[in-house]
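Structure record follows, encoded as structure tokens.
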Amino acid sequence: MRITPGQHKAIKTAVVELAGSDVAVRLFGSRLNDEQRGGDIDLLVSSVSPVDHPAWLAASITARLQMALGDQRIDVLIEAPNLMHQPIHDIAHQGVLL
């Protein structure tokens with residue numbers, strides 16, 4: 001897994017502050033492959049509660065992390081009971097729980 005302990009902590013802190021403590025966050029995509037270099041940070045934020053404004057939440061988490069981590073490419077995918085399940089969610093669930 002190619003994130004530092006500091007990045008891990010920043011991700012968890014931002015997600016809890018913006019989405020609440022009852023969410024799970026997974027890292028998926030190229031950052032799981034230790035053989036690769038670069039790549040964006042792909043995150044799945046899974047909520048057991050409905051999310052009223054998922055685009056706003058994803059953008060807020062992205063902005064907070066860019067401020068905390070510097071100019072990183074960050075993609076945030078939101079999953080909640082009131083949102084349509086997409087094939088990308090299945091791929092993201094193969095990631096690592098942070």
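Identifiers in the structure tokens: chain A, B, ... in order shown; residue index from 1 per chain; ligand index from 1 in order shown.
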
Considering only C-alpha atoms, return as a list of chain:residue names whatever protein or nucleic-acid residues lie within 7 Å of region 38-43 of chain A, sequence-local ones (same chain, fewer than 6 positions apart) excluded.
A:Val25, A:Arg26, A:Leu27, A:Phe28, A:Gly29, A:Ser30, A:Arg31, A:Gln72, A:Arg73, A:Ile74, A:Asp75, A:Val76, A:Leu77

Write out the residues from the selection above, keeping C-alpha atoms, as a PDB file, in the first residue's frame.
```
ATOM      1  CA  VAL A  25     -13.138   4.334   4.194  1.00  0.00           C
ATOM      2  CA  ARG A  26     -11.255   2.057   1.791  1.00  0.00           C
ATOM      3  CA  LEU A  27      -8.228   2.717  -0.344  1.00  0.00           C
ATOM      4  CA  PHE A  28      -8.471   1.095  -3.771  1.00  0.00           C
ATOM      5  CA  GLY A  29      -6.888   1.367  -7.184  1.00  0.00           C
ATOM      6  CA  SER A  30      -3.258   1.842  -8.138  1.00  0.00           C
ATOM      7  CA  ARG A  31      -2.093   2.881  -4.655  1.00  0.00           C
ATOM      8  CA  GLN A  72      -2.467  15.151  -4.842  1.00  0.00           C
ATOM      9  CA  ARG A  73      -4.952  13.711  -7.274  1.00  0.00           C
ATOM     10  CA  ILE A  74      -7.732  12.323  -5.073  1.00  0.00           C
ATOM     11  CA  ASP A  75     -10.920  10.560  -6.160  1.00  0.00           C
ATOM     12  CA  VAL A  76     -13.658  10.014  -3.581  1.00  0.00           C
ATOM     13  CA  LEU A  77     -16.510   7.603  -4.231  1.00  0.00           C
TER      14      LEU A  77
END
```

Exercise: Ser49 (chain A) partners within 12 Å, only C-alpha atoms, chain neighbours under 6 positions left out, as a PyMOL selection string
chain A and resi 19-24+78-83

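Using only C-alpha atoms, the shortest contact distance between His53 (chain A) and any of A:Leu18, A:Ala92, A:Leu98, A:Ile11 is found at A:Leu18.
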
Residues flagged helix (DSSP H, G or I) by DSSP in chain A, as a PyMOL selection string:
chain A and resi 5-19+29-32+54-69+87-92

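Atom to atom, CA of Met84 (chain A) and CA of Asn33 (chain A) stand 28.2 Å apart.
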